[in-house]
file run_1.txt (compact mmCIF, C-alpha atoms)
# COMPACT_ATOMS: atom_id res chain seq x y z
CA MET A 3 52.01 59.88 52.33
CA ILE A 4 52.69 56.89 50.09
CA LYS A 5 52.09 57.57 46.41
CA ARG A 6 52.17 55.30 43.41
CA ILE A 7 54.95 55.99 40.90
CA ASN A 8 53.60 55.71 37.39
CA SER A 9 56.56 56.69 35.26
CA GLU A 10 60.33 56.57 35.45
CA VAL A 11 60.17 53.99 38.23
CA TYR A 12 63.94 53.56 37.79
CA HIS A 13 64.46 56.86 39.61
CA LEU A 14 63.67 54.96 42.80
CA LEU A 15 66.94 53.05 42.32
CA HIS A 16 68.95 56.21 41.73
CA PRO A 17 71.34 57.87 42.54
CA LYS A 18 73.52 55.50 40.53
CA MET A 19 77.22 55.68 39.78
CA THR A 20 77.63 57.18 36.33
CA PHE A 21 80.46 56.05 34.09
CA PHE A 22 81.87 56.05 30.58
CA LEU A 23 81.02 52.76 28.89
CA THR A 24 83.50 52.14 26.09
CA SER A 25 83.34 49.67 23.23
CA ILE A 26 84.92 49.07 19.85
CA SER A 27 83.76 47.94 16.41
CA ARG A 28 85.06 44.91 14.58
CA LYS A 29 87.05 47.30 12.41
CA GLY A 30 88.64 48.93 15.46
CA VAL A 31 86.58 52.12 15.73
CA PRO A 32 86.06 52.96 19.41
CA ASN A 33 82.93 54.40 20.98
CA VAL A 34 81.85 55.78 24.34
CA MET A 35 78.51 56.37 26.01
CA THR A 36 77.43 57.54 29.43
CA CYS A 37 75.76 54.82 31.47
CA ALA A 38 74.51 54.38 35.01
CA TRP A 39 72.67 51.08 34.84
CA ALA A 40 75.14 48.54 36.11
CA THR A 41 75.63 46.27 39.08
CA PRO A 42 78.00 43.60 40.27
CA VAL A 43 76.44 40.17 39.72
CA SER A 44 79.01 37.78 41.15
CA ASP A 45 82.13 38.18 43.26
CA GLU A 46 83.84 34.90 42.45
CA PRO A 47 84.26 34.83 39.49
CA PRO A 48 83.81 38.59 39.14
CA ILE A 49 80.90 39.34 36.81
CA VAL A 50 79.08 42.63 36.23
CA VAL A 51 76.06 43.56 34.18
CA VAL A 52 75.58 46.76 32.16
CA CYS A 53 72.23 47.65 30.61
CA VAL A 54 72.04 49.75 27.45
CA SER A 55 69.35 50.62 24.95
CA ARG A 56 68.96 48.01 22.21
CA ASP A 57 68.93 50.86 19.68
CA SER A 58 72.22 52.31 20.81
CA HIS A 59 75.42 52.21 18.81
CA THR A 60 77.12 50.82 21.92
CA SER A 61 74.77 47.81 21.90
CA ALA A 62 75.64 47.10 18.28
CA LEU A 63 79.37 47.30 18.99
CA ILE A 64 79.27 45.15 22.13
CA ARG A 65 77.36 42.52 20.19
CA GLN A 66 80.03 42.64 17.48
CA THR A 67 83.16 42.39 19.58
CA ARG A 68 81.77 41.12 22.89
CA GLU A 69 83.84 43.37 25.11
CA PHE A 70 83.38 46.61 27.02
CA VAL A 71 85.07 48.75 29.64
CA ILE A 72 83.53 50.57 32.60
CA ASN A 73 85.53 53.80 33.10
CA ILE A 74 84.76 55.41 36.47
CA PRO A 75 85.00 59.21 36.18
CA VAL A 76 85.53 62.15 38.49
CA LYS A 77 83.56 65.33 38.98
CA ARG A 78 85.64 67.41 36.60
CA GLN A 79 84.65 65.12 33.72
CA LEU A 80 80.98 65.99 34.27
CA GLU A 81 80.58 68.00 31.07
CA ALA A 82 82.09 65.11 29.07
CA LEU A 83 79.60 62.75 30.73
CA TRP A 84 76.69 64.92 29.59
CA ILE A 85 78.05 65.15 26.05
CA CYS A 86 78.55 61.38 25.80
CA GLY A 87 75.06 60.85 27.16
CA ARG A 88 73.16 62.94 24.62
CA THR A 89 74.82 62.13 21.31
CA SER A 90 75.32 58.92 19.35
CA GLY A 91 78.64 57.57 18.17
CA ARG A 92 76.89 56.79 14.89
CA ASP A 93 76.75 60.52 14.19
CA VAL A 94 79.76 62.09 15.87
CA ASP A 95 83.18 61.29 17.25
CA LYS A 96 82.22 61.62 20.89
CA PHE A 97 85.79 61.44 22.15
CA LYS A 98 86.63 64.53 20.10
CA GLU A 99 83.36 66.25 20.98
CA ALA A 100 83.89 65.66 24.70
CA GLY A 101 87.65 66.24 24.68
CA LEU A 102 88.41 62.72 25.91
CA ARG A 103 91.74 61.02 25.29
CA TYR A 104 91.95 57.25 25.25
CA HIS A 105 94.14 54.28 24.63
CA PRO A 106 93.48 50.53 24.28
CA GLY A 107 92.60 48.49 27.35
CA ARG A 108 95.13 46.19 28.95
CA MET A 109 93.29 42.97 28.15
CA VAL A 110 90.64 44.08 25.64
CA ARG A 111 90.74 46.24 22.52
CA ALA A 112 87.96 48.53 23.73
CA PRO A 113 89.47 51.85 24.84
CA ILE A 114 90.05 53.18 28.29
CA ILE A 115 89.57 56.87 28.94
CA GLU A 116 92.40 58.87 30.40
CA GLY A 117 91.81 60.72 33.65
CA CYS A 118 89.29 58.26 35.05
CA ILE A 119 90.04 56.71 38.44
CA GLY A 120 88.77 53.16 37.99
CA TYR A 121 88.54 50.72 35.11
CA ILE A 122 86.77 47.38 34.74
CA GLU A 123 87.59 45.52 31.52
CA CYS A 124 85.04 42.89 30.56
CA ARG A 125 84.35 40.16 28.06
CA VAL A 126 80.70 39.40 27.40
CA LEU A 127 79.44 36.09 28.72
CA ARG A 128 75.86 36.62 27.75
CA CYS A 129 73.41 39.18 26.39
CA VAL A 130 69.87 39.17 27.78
CA VAL A 131 67.17 41.16 26.01
CA ALA A 132 64.92 42.90 28.56
CA GLY A 133 62.38 45.49 27.48
CA GLU A 134 64.06 48.25 25.53
CA CYS A 135 67.56 47.27 26.66
CA ASN A 136 70.24 44.67 26.38
CA ALA A 137 71.71 43.45 29.65
CA PHE A 138 75.31 42.49 28.94
CA PHE A 139 76.84 40.13 31.49
CA GLY A 140 80.57 40.73 31.46
CA GLU A 141 83.27 38.64 33.02
CA VAL A 142 85.89 40.94 34.51
CA VAL A 143 89.21 40.21 32.81
CA THR A 144 91.10 42.90 34.67
CA ALA A 145 90.28 45.86 36.91
CA TYR A 146 92.44 48.66 38.26
CA ALA A 147 92.05 51.91 40.12
CA ASP A 148 93.86 55.08 41.14
CA THR A 149 95.29 54.43 44.59
CA ARG A 150 94.86 58.08 45.59
CA PHE A 151 91.12 57.48 45.58
CA PHE A 152 90.68 53.74 46.05
CA LYS A 153 92.26 52.75 49.35
CA ARG A 154 92.11 49.46 51.25
CA GLY A 155 89.36 48.16 48.99
CA SER A 156 87.02 51.14 48.84
CA TRP A 157 86.57 54.60 47.37
CA VAL A 158 87.42 57.55 49.59
CA ASP A 159 85.13 60.60 49.81
CA THR A 160 87.50 62.78 47.87
CA ALA A 161 86.98 60.62 44.80
CA GLU A 162 83.83 62.66 44.09
CA ILE A 163 82.46 60.13 41.65
CA PRO A 164 79.30 61.49 39.98
CA PHE A 165 76.06 59.65 40.75
CA HIS A 166 73.03 60.34 38.60
CA LEU A 167 69.90 61.26 40.54
CA ALA A 168 67.40 62.40 37.88
CA GLY A 169 67.35 64.73 34.90
CA ARG A 170 70.38 67.03 35.15
CA LYS A 171 70.88 66.33 38.85
CA MET A 172 74.04 64.61 40.02
CA VAL A 173 75.09 63.89 43.62
CA TYR A 174 78.28 62.90 45.41
CA PHE A 175 78.76 60.87 48.54
CA ARG A 176 80.39 61.53 51.90
CA GLY A 177 81.34 59.00 54.54
CA MET Y 17 99.24 55.48 40.79
CA ILE Y 18 97.07 52.94 39.01
CA LYS Y 19 96.94 49.57 40.73
CA ARG Y 20 95.39 46.31 39.71
CA ILE Y 21 92.47 45.13 41.87
CA ASN Y 22 92.74 41.42 42.47
CA SER Y 23 89.86 40.72 44.82
CA GLU Y 24 86.44 42.15 45.57
CA VAL Y 25 86.40 43.98 42.24
CA TYR Y 26 82.73 44.74 42.94
CA HIS Y 27 83.80 47.38 45.43
CA LEU Y 28 84.68 49.55 42.44
CA LEU Y 29 80.95 49.74 41.67
CA HIS Y 30 80.03 50.66 45.23
CA PRO Y 31 78.62 52.60 47.05
CA LYS Y 32 75.35 50.95 46.12
CA MET Y 33 71.87 51.53 47.45
CA THR Y 34 71.14 48.91 50.07
CA PHE Y 35 67.65 47.55 50.50
CA PHE Y 36 65.51 44.85 52.03
CA LEU Y 37 64.74 42.21 49.42
CA THR Y 38 61.60 40.36 50.41
CA SER Y 39 60.21 37.11 49.08
CA ILE Y 40 57.72 34.41 50.07
CA SER Y 41 57.57 30.62 49.92
CA ARG Y 42 54.91 28.65 48.12
CA LYS Y 43 53.37 27.93 51.52
CA GLY Y 44 53.22 31.64 52.36
CA VAL Y 45 56.23 31.98 54.67
CA PRO Y 46 57.89 35.35 54.05
CA ASN Y 47 61.61 36.08 54.04
CA VAL Y 48 63.90 39.10 53.91
CA MET Y 49 67.55 39.64 53.06
CA THR Y 50 69.75 42.67 52.69
CA CYS Y 51 70.86 43.28 49.13
CA ALA Y 52 72.72 45.97 47.22
CA TRP Y 53 73.24 44.38 43.82
CA ALA Y 54 70.43 45.74 41.69
CA THR Y 55 69.96 48.03 38.75
CA PRO Y 56 67.19 49.26 36.50
CA VAL Y 57 67.32 47.38 33.19
CA SER Y 58 64.53 48.96 31.16
CA ASP Y 59 62.36 52.04 31.59
CA GLU Y 60 59.47 51.06 29.30
CA PRO Y 61 58.35 48.50 30.35
CA PRO Y 62 59.95 48.96 33.78
CA ILE Y 63 62.27 46.05 34.51
CA VAL Y 64 64.89 45.72 37.26
CA VAL Y 65 67.45 43.06 38.05
CA VAL Y 66 68.47 41.85 41.52
CA CYS Y 67 71.44 39.54 42.04
CA VAL Y 68 71.53 37.13 44.95
CA SER Y 69 73.65 34.17 45.94
CA ARG Y 70 72.46 30.91 44.40
CA ASP Y 71 72.83 29.30 47.84
CA SER Y 72 70.60 31.80 49.60
CA HIS Y 73 67.17 31.03 50.96
CA THR Y 74 65.90 34.08 49.05
CA SER Y 75 67.03 32.52 45.75
CA ALA Y 76 65.12 29.35 46.55
CA LEU Y 77 61.96 31.31 47.41
CA ILE Y 78 62.10 33.60 44.37
CA ARG Y 79 62.49 30.54 42.16
CA GLN Y 80 59.43 29.01 43.84
CA THR Y 81 57.01 31.91 43.67
CA ARG Y 82 58.66 34.14 41.05
CA GLU Y 83 58.08 37.40 42.86
CA PHE Y 84 60.07 39.78 45.05
CA VAL Y 85 59.89 43.27 46.51
CA ILE Y 86 62.64 45.88 46.78
CA ASN Y 87 62.04 47.80 50.04
CA ILE Y 88 64.10 51.01 50.18
CA PRO Y 89 65.08 51.76 53.78
CA VAL Y 90 66.16 54.77 55.79
CA LYS Y 91 69.15 55.34 58.03
CA ARG Y 92 67.37 54.41 61.24
CA GLN Y 93 66.80 50.88 59.88
CA LEU Y 94 70.56 50.36 59.62
CA GLU Y 95 70.80 47.81 62.42
CA ALA Y 96 67.99 45.79 60.84
CA LEU Y 97 69.87 45.88 57.52
CA TRP Y 98 72.95 44.40 59.17
CA ILE Y 99 70.91 41.71 60.91
CA CYS Y 100 69.14 40.70 57.69
CA GLY Y 101 72.46 40.62 55.89
CA ARG Y 102 74.25 38.21 58.17
CA THR Y 103 71.67 35.56 58.99
CA SER Y 104 69.64 33.16 56.85
CA GLY Y 105 65.87 32.86 56.83
CA ARG Y 106 66.41 29.10 56.80
CA ASP Y 107 67.60 29.33 60.40
CA VAL Y 108 65.81 32.26 61.99
CA ASP Y 109 62.77 34.48 61.62
CA LYS Y 110 64.67 37.53 60.47
CA PHE Y 111 61.68 39.85 60.76
CA LYS Y 112 61.46 39.04 64.44
CA GLU Y 113 65.22 39.15 64.91
CA ALA Y 114 65.46 42.58 63.26
CA GLY Y 115 62.23 43.98 64.71
CA LEU Y 116 60.65 44.45 61.29
CA ARG Y 117 56.91 44.59 60.77
CA TYR Y 118 55.44 43.70 57.39
CA HIS Y 119 52.28 43.16 55.46
CA PRO Y 120 51.52 41.69 52.02
CA GLY Y 121 52.41 43.67 48.90
CA ARG Y 122 49.72 45.43 46.88
CA MET Y 123 50.10 43.27 43.78
CA VAL Y 124 52.26 40.37 44.98
CA ARG Y 125 52.14 38.11 48.03
CA ALA Y 126 55.75 38.83 49.03
CA PRO Y 127 55.75 41.17 52.03
CA ILE Y 128 56.52 44.84 52.21
CA ILE Y 129 58.38 46.16 55.22
CA GLU Y 130 56.84 48.94 57.26
CA GLY Y 131 58.80 52.15 57.68
CA CYS Y 132 60.59 51.96 54.35
CA ILE Y 133 60.22 54.90 51.98
CA GLY Y 134 60.08 53.19 48.60
CA TYR Y 135 58.75 49.90 47.29
CA ILE Y 136 59.13 48.13 43.96
CA GLU Y 137 56.97 45.02 43.57
CA CYS Y 138 58.18 42.63 40.87
CA ARG Y 139 57.26 39.46 39.06
CA VAL Y 140 60.15 37.45 37.72
CA LEU Y 141 60.51 37.40 33.94
CA ARG Y 142 63.72 35.45 33.87
CA CYS Y 143 66.47 34.02 36.05
CA VAL Y 144 70.02 34.09 34.70
CA VAL Y 145 72.71 32.07 36.45
CA ALA Y 146 75.96 34.05 36.60
CA GLY Y 147 78.88 32.85 38.70
CA GLU Y 148 77.82 32.33 42.29
CA CYS Y 149 74.58 34.29 41.89
CA ASN Y 150 71.19 34.29 40.27
CA ALA Y 151 70.25 37.46 38.42
CA PHE Y 152 66.48 37.78 38.66
CA PHE Y 153 64.92 40.03 36.04
CA GLY Y 154 61.73 41.42 37.52
CA GLU Y 155 58.95 43.23 35.75
CA VAL Y 156 57.71 46.03 37.98
CA VAL Y 157 54.04 45.43 38.70
CA THR Y 158 53.68 48.43 40.98
CA ALA Y 159 55.97 50.92 42.70
CA TYR Y 160 55.29 53.56 45.33
CA ALA Y 161 57.19 55.93 47.56
CA ASP Y 162 56.87 58.25 50.53
CA THR Y 163 56.19 61.71 49.12
CA ARG Y 164 58.06 63.36 51.99
CA PHE Y 165 61.27 61.95 50.53
CA PHE Y 166 60.53 61.30 46.86
CA LYS Y 167 59.56 64.58 45.24
CA ARG Y 168 59.05 65.45 41.58
CA GLY Y 169 60.57 62.16 40.49
CA SER Y 170 63.66 61.96 42.67
CA TRP Y 171 64.88 61.32 46.19
CA VAL Y 172 65.66 64.34 48.33
CA ASP Y 173 68.83 64.53 50.45
CA THR Y 174 66.92 64.11 53.65
CA ALA Y 175 65.89 60.62 52.63
CA GLU Y 176 69.27 59.42 53.95
CA ILE Y 177 69.07 56.10 52.14
CA PRO Y 178 71.99 53.87 53.15
CA PHE Y 179 74.51 53.02 50.43
CA HIS Y 180 76.95 50.22 51.04
CA LEU Y 181 80.59 51.15 50.46
CA ALA Y 182 82.58 48.18 51.80
CA GLY Y 183 82.67 46.02 54.93
CA ARG Y 184 80.75 47.84 57.66
CA LYS Y 185 80.98 51.21 55.89
CA MET Y 186 77.82 52.91 54.69
CA VAL Y 187 77.52 56.35 53.09
CA TYR Y 188 74.71 58.81 52.40
CA PHE Y 189 74.19 61.34 49.67
CA ARG Y 190 74.06 65.10 49.51
CA GLY Y 191 72.89 67.12 46.54
call {"tool": "encode", "arguments": {"input": "run_1.txt", "output": "structure tokens"}}
result
Amino acid sequence: MIKRINSEVYHLLHPKMTFFLTSISRKGVPNVMTCAWATPVSDEPPIVVVCVSRDSHTSALIRQTREFVINIPVKRQLEALWICGRTSGRDVDKFKEAGLRYHPGRMVRAPIIEGCIGYIECRVLRCVVAGECNAFFGEVVTAYADTRFFKRGSWVDTAEIPFHLAGRKMVYFRG
Amino acid sequence: MIKRINSEVYHLLHPKMTFFLTSISRKGVPNVMTCAWATPVSDEPPIVVVCVSRDSHTSALIRQTREFVINIPVKRQLEALWICGRTSGRDVDKFKEAGLRYHPGRMVRAPIIEGCIGYIECRVLRCVVAGECNAFFGEVVTAYADTRFFKRGSWVDTAEIPFHLAGRKMVYFRG
């Protein structure tokens, strides 16, 4: 039976890879939020888009410094993902709260989170306002991954990257 | 070991849900291509973005009629996905080639493909040129799904929606 979906239509496009989206203020204060709304946009040159609430602290910071990092996590960072998804960096130090260690990116000042298995450092080309969110188009300035989990150009099953399905439900993929 | 990724950076953001992206020309000729580069952008109002090569026939059609449909497939449509991913609607009737039946959308003229389990009908709000692709922001005008596979707001494992990993590799999800 085919049924109309009246709310949370976006769940039709889930599960989606869930990652730590990091940013930094003009004064050098870093921030992190959990995000799943991203996609590659172009291969050559490499461009990605990340979509975040216009009200979020992350949006404000990305607008300030025009850079962000996608940090691809593993299953054992799940609790940290939840923590960084339900609090705002305006109110708390989420790194401390979630027990995340970080250091500056290779090519950007925004931080990269230790223990992740993939990193995509971006500089913002453009910000498009769409509904309640900002869609930040980021040119990839450098990207790197843990070769135990990213082999011959793709993730292996054992990476166990969390994908958000709906609510508190996460899934993982197998080949 | 952390290693720099120098090409096909987008594989870091895969696996990605793979779907039939349908469109229609001003004269009413429908087209279909396989696409994986999409993400929700906003929940309220519901907006999604799909990214397709600027050279593609689909790009030309979406620019003409400013509508598209995301058709979410199942595993047994895999061969049709490959066919619609490697040919152009400029040259062949891909529906015929891939053995796909279709009828008009509920709210748009672009076709919906029979046998899929989820549909998101969109009208284009905006087209953003980014690298080699167009990013089409689509307002969702209606969305519907097969209740055998989409229950209480999320896909169930048995949906077996194909996710593109890299090259010819597809993966499926488990809870």
call {"tool": "axis_aligned_box", "arguments": {"input": "run_1.txt", "around": "segment 112-130 of chain A", "padding_each_side": "4 Å", "output": "JSON"}}
result
{"center_x": 81.1, "center_y": 48.4, "center_z": 31.1, "size_x": 30.5, "size_y": 32.6, "size_z": 22.7}
call {"tool": "calpha_fit_and_write", "arguments": {"input": "run_1.txt", "fixed": "chain Y", "moving": "chain A", "output": "CSV table (one decimal) with C-alpha atoms, in the coordinates of the input"}}
result
chain,number,residue,atom,x,y,z
A,3,MET,CA,99.3,55.5,40.8
A,4,ILE,CA,97.1,52.9,39.0
A,5,LYS,CA,97.0,49.6,40.8
A,6,ARG,CA,95.4,46.3,39.7
A,7,ILE,CA,92.5,45.1,41.9
A,8,ASN,CA,92.7,41.4,42.5
A,9,SER,CA,89.9,40.7,44.8
A,10,GLU,CA,86.4,42.1,45.6
A,11,VAL,CA,86.4,44.0,42.3
A,12,TYR,CA,82.7,44.7,42.9
A,13,HIS,CA,83.8,47.4,45.4
A,14,LEU,CA,84.7,49.5,42.4
A,15,LEU,CA,80.9,49.7,41.7
A,16,HIS,CA,80.0,50.7,45.2
A,17,PRO,CA,78.6,52.6,47.1
A,18,LYS,CA,75.3,50.9,46.1
A,19,MET,CA,71.9,51.5,47.4
A,20,THR,CA,71.1,48.9,50.1
A,21,PHE,CA,67.6,47.6,50.5
A,22,PHE,CA,65.5,44.8,52.0
A,23,LEU,CA,64.7,42.2,49.4
A,24,THR,CA,61.6,40.4,50.4
A,25,SER,CA,60.2,37.1,49.1
A,26,ILE,CA,57.7,34.4,50.1
A,27,SER,CA,57.6,30.6,49.9
A,28,ARG,CA,54.9,28.6,48.1
A,29,LYS,CA,53.4,27.9,51.5
A,30,GLY,CA,53.2,31.6,52.4
A,31,VAL,CA,56.2,32.0,54.7
A,32,PRO,CA,57.9,35.4,54.0
A,33,ASN,CA,61.6,36.1,54.1
A,34,VAL,CA,63.9,39.1,53.9
A,35,MET,CA,67.5,39.6,53.1
A,36,THR,CA,69.8,42.7,52.7
A,37,CYS,CA,70.9,43.3,49.1
A,38,ALA,CA,72.7,46.0,47.2
A,39,TRP,CA,73.2,44.4,43.8
A,40,ALA,CA,70.4,45.7,41.7
A,41,THR,CA,70.0,48.0,38.7
A,42,PRO,CA,67.2,49.3,36.5
A,43,VAL,CA,67.3,47.4,33.2
A,44,SER,CA,64.5,49.0,31.2
A,45,ASP,CA,62.3,52.0,31.6
A,46,GLU,CA,59.5,51.1,29.3
A,47,PRO,CA,58.4,48.5,30.3
A,48,PRO,CA,59.9,49.0,33.8
A,49,ILE,CA,62.3,46.1,34.5
A,50,VAL,CA,64.9,45.7,37.3
A,51,VAL,CA,67.4,43.1,38.0
A,52,VAL,CA,68.5,41.9,41.5
A,53,CYS,CA,71.4,39.5,42.0
A,54,VAL,CA,71.5,37.1,45.0
A,55,SER,CA,73.7,34.2,45.9
A,56,ARG,CA,72.5,30.9,44.4
A,57,ASP,CA,72.8,29.3,47.8
A,58,SER,CA,70.6,31.8,49.6
A,59,HIS,CA,67.2,31.0,51.0
A,60,THR,CA,65.9,34.1,49.1
A,61,SER,CA,67.0,32.5,45.7
A,62,ALA,CA,65.1,29.4,46.5
A,63,LEU,CA,62.0,31.3,47.4
A,64,ILE,CA,62.1,33.6,44.4
A,65,ARG,CA,62.5,30.5,42.2
A,66,GLN,CA,59.4,29.0,43.8
A,67,THR,CA,57.0,31.9,43.7
A,68,ARG,CA,58.7,34.1,41.1
A,69,GLU,CA,58.1,37.4,42.9
A,70,PHE,CA,60.1,39.8,45.0
A,71,VAL,CA,59.9,43.3,46.5
A,72,ILE,CA,62.6,45.9,46.8
A,73,ASN,CA,62.0,47.8,50.0
A,74,ILE,CA,64.1,51.0,50.2
A,75,PRO,CA,65.1,51.8,53.8
A,76,VAL,CA,66.2,54.8,55.8
A,77,LYS,CA,69.2,55.3,58.0
A,78,ARG,CA,67.4,54.4,61.2
A,79,GLN,CA,66.8,50.9,59.9
A,80,LEU,CA,70.6,50.4,59.6
A,81,GLU,CA,70.8,47.8,62.4
A,82,ALA,CA,68.0,45.8,60.8
A,83,LEU,CA,69.9,45.9,57.5
A,84,TRP,CA,73.0,44.4,59.2
A,85,ILE,CA,70.9,41.7,60.9
A,86,CYS,CA,69.1,40.7,57.7
A,87,GLY,CA,72.5,40.6,55.9
A,88,ARG,CA,74.3,38.2,58.2
A,89,THR,CA,71.7,35.6,59.0
A,90,SER,CA,69.7,33.1,56.8
A,91,GLY,CA,65.9,32.9,56.8
A,92,ARG,CA,66.4,29.1,56.8
A,93,ASP,CA,67.6,29.3,60.4
A,94,VAL,CA,65.8,32.3,62.0
A,95,ASP,CA,62.8,34.5,61.6
A,96,LYS,CA,64.7,37.5,60.5
A,97,PHE,CA,61.7,39.8,60.8
A,98,LYS,CA,61.5,39.0,64.5
A,99,GLU,CA,65.2,39.2,64.9
A,100,ALA,CA,65.5,42.6,63.3
A,101,GLY,CA,62.2,44.0,64.7
A,102,LEU,CA,60.7,44.5,61.3
A,103,ARG,CA,56.9,44.6,60.8
A,104,TYR,CA,55.4,43.7,57.4
A,105,HIS,CA,52.3,43.1,55.5
A,106,PRO,CA,51.5,41.7,52.0
A,107,GLY,CA,52.4,43.7,48.9
A,108,ARG,CA,49.7,45.4,46.9
A,109,MET,CA,50.1,43.3,43.8
A,110,VAL,CA,52.3,40.4,45.0
A,111,ARG,CA,52.1,38.1,48.0
A,112,ALA,CA,55.7,38.8,49.0
A,113,PRO,CA,55.8,41.2,52.0
A,114,ILE,CA,56.5,44.8,52.2
A,115,ILE,CA,58.4,46.2,55.2
A,116,GLU,CA,56.8,48.9,57.2
A,117,GLY,CA,58.8,52.1,57.7
A,118,CYS,CA,60.6,52.0,54.4
A,119,ILE,CA,60.2,54.9,52.0
A,120,GLY,CA,60.1,53.2,48.6
A,121,TYR,CA,58.8,49.9,47.3
A,122,ILE,CA,59.1,48.1,44.0
A,123,GLU,CA,57.0,45.0,43.6
A,124,CYS,CA,58.2,42.6,40.9
A,125,ARG,CA,57.3,39.5,39.1
A,126,VAL,CA,60.2,37.5,37.7
A,127,LEU,CA,60.5,37.4,33.9
A,128,ARG,CA,63.7,35.4,33.9
A,129,CYS,CA,66.5,34.0,36.1
A,130,VAL,CA,70.0,34.1,34.7
A,131,VAL,CA,72.7,32.1,36.5
A,132,ALA,CA,76.0,34.0,36.6
A,133,GLY,CA,78.9,32.8,38.7
A,134,GLU,CA,77.8,32.3,42.3
A,135,CYS,CA,74.6,34.3,41.9
A,136,ASN,CA,71.2,34.3,40.3
A,137,ALA,CA,70.2,37.5,38.4
A,138,PHE,CA,66.5,37.8,38.7
A,139,PHE,CA,64.9,40.0,36.0
A,140,GLY,CA,61.7,41.4,37.5
A,141,GLU,CA,59.0,43.2,35.7
A,142,VAL,CA,57.7,46.0,38.0
A,143,VAL,CA,54.0,45.4,38.7
A,144,THR,CA,53.7,48.4,41.0
A,145,ALA,CA,56.0,50.9,42.7
A,146,TYR,CA,55.3,53.6,45.3
A,147,ALA,CA,57.2,55.9,47.6
A,148,ASP,CA,56.9,58.2,50.5
A,149,THR,CA,56.2,61.7,49.1
A,150,ARG,CA,58.1,63.4,52.0
A,151,PHE,CA,61.3,61.9,50.5
A,152,PHE,CA,60.5,61.3,46.9
A,153,LYS,CA,59.6,64.6,45.2
A,154,ARG,CA,59.0,65.5,41.6
A,155,GLY,CA,60.6,62.1,40.5
A,156,SER,CA,63.6,62.0,42.7
A,157,TRP,CA,64.9,61.3,46.2
A,158,VAL,CA,65.6,64.4,48.3
A,159,ASP,CA,68.8,64.5,50.5
A,160,THR,CA,66.9,64.1,53.7
A,161,ALA,CA,65.9,60.6,52.6
A,162,GLU,CA,69.3,59.4,54.0
A,163,ILE,CA,69.1,56.1,52.1
A,164,PRO,CA,72.0,53.9,53.2
A,165,PHE,CA,74.5,53.0,50.4
A,166,HIS,CA,76.9,50.2,51.1
A,167,LEU,CA,80.6,51.1,50.5
A,168,ALA,CA,82.6,48.2,51.8
A,169,GLY,CA,82.7,46.0,54.9
A,170,ARG,CA,80.8,47.8,57.6
A,171,LYS,CA,81.0,51.2,55.9
A,172,MET,CA,77.8,52.9,54.7
A,173,VAL,CA,77.5,56.3,53.1
A,174,TYR,CA,74.7,58.8,52.4
A,175,PHE,CA,74.4,61.3,49.6
A,176,ARG,CA,73.9,65.1,49.4
A,177,GLY,CA,72.9,67.2,46.5
call {"tool": "atom_distance", "arguments": {"input": "run_1.txt", "atom1": "atom CA of Ser75 of chain Y", "atom2": "atom CA of Val156 of chain Y"}}
result
18.2 Å
call {"tool": "residues_around", "arguments": {"input": "run_1.txt", "residues": "Lys32 of chain Y", "least_positions_apart": "6", "cutoff": "9 Å", "atoms": "all atoms listed in the file", "output": "VMD selection string"}}
result
(chain A and resid 17 to 19 41) or (chain Y and resid 52 to 54 178 to 181)
call {"tool": "closest_residue", "arguments": {"input": "run_1.txt", "among": "Y:Glu155, Y:Asp162, Y:Glu137, Y:Glu130", "to": "chain A", "atoms": "all atoms listed in the file"}}
result
Y:Asp162
call {"tool": "atom_distance", "arguments": {"input": "run_1.txt", "atom1": "atom CA of Thr60 of chain A", "atom2": "atom CA of Ile122 of chain A"}}
result
16.4 Å
call {"tool": "atom_distance", "arguments": {"input": "run_1.txt", "atom1": "atom CA of Arg82 of chain Y", "atom2": "atom CA of Thr38 of chain Y"}}
result
11.6 Å
call {"tool": "closest_residue", "arguments": {"input": "run_1.txt", "among": "Y:Arg92, Y:Arg102, Y:Arg168, Y:Lys43", "to": "chain A", "atoms": "only C-alpha atoms"}}
result
Y:Arg168
call {"tool": "residues_around", "arguments": {"input": "run_1.txt", "residues": "segment 183-189 of chain Y", "least_positions_apart": "4", "cutoff": "9 Å", "atoms": "all atoms listed in the file", "output": "PyMOL selection string"}}
result
(chain A and resi 17+173-177) or (chain Y and resi 31+91+98+173-179)
call {"tool": "closest_residue", "arguments": {"input": "run_1.txt", "among": "Y:Leu28, Y:Met123, Y:Leu97, Y:Ile40", "to": "chain A", "atoms": "only C-alpha atoms"}}
result
Y:Leu28
call {"tool": "residues_near_point", "arguments": {"input": "run_1.txt", "point": "(60.6, 51.1, 52.3)", "cutoff": "10 Å", "atoms": "all atoms listed in the file", "output": "list in words"}}
result
Phe35, Phe36, Val85, Ile86, Asn87, Ile88, Pro89, Val90, Gln93, Ile128, Ile129, Glu130, Gly131, Cys132, Ile133, Gly134, Tyr135, Ile136, Tyr160, Ala161, Asp162 and Ile177 of chain Y
call {"tool": "closest_residue", "arguments": {"input": "run_1.txt", "among": "A:Tyr104, A:Tyr12, A:Phe97, A:Phe151", "to": "chain Y", "atoms": "all atoms listed in the file"}}
result
A:Tyr12
call {"tool": "closest_residue", "arguments": {"input": "run_1.txt", "among": "Y:Thr34, Y:Gln80, Y:Thr50, Y:Ser58", "to": "chain A", "atoms": "all atoms listed in the file"}}
result
Y:Ser58
call {"tool": "closest_residue", "arguments": {"input": "run_1.txt", "among": "A:Ala100, A:Cys86, A:Cys129, A:Met3", "to": "chain Y", "atoms": "all atoms listed in the file"}}
result
A:Met3
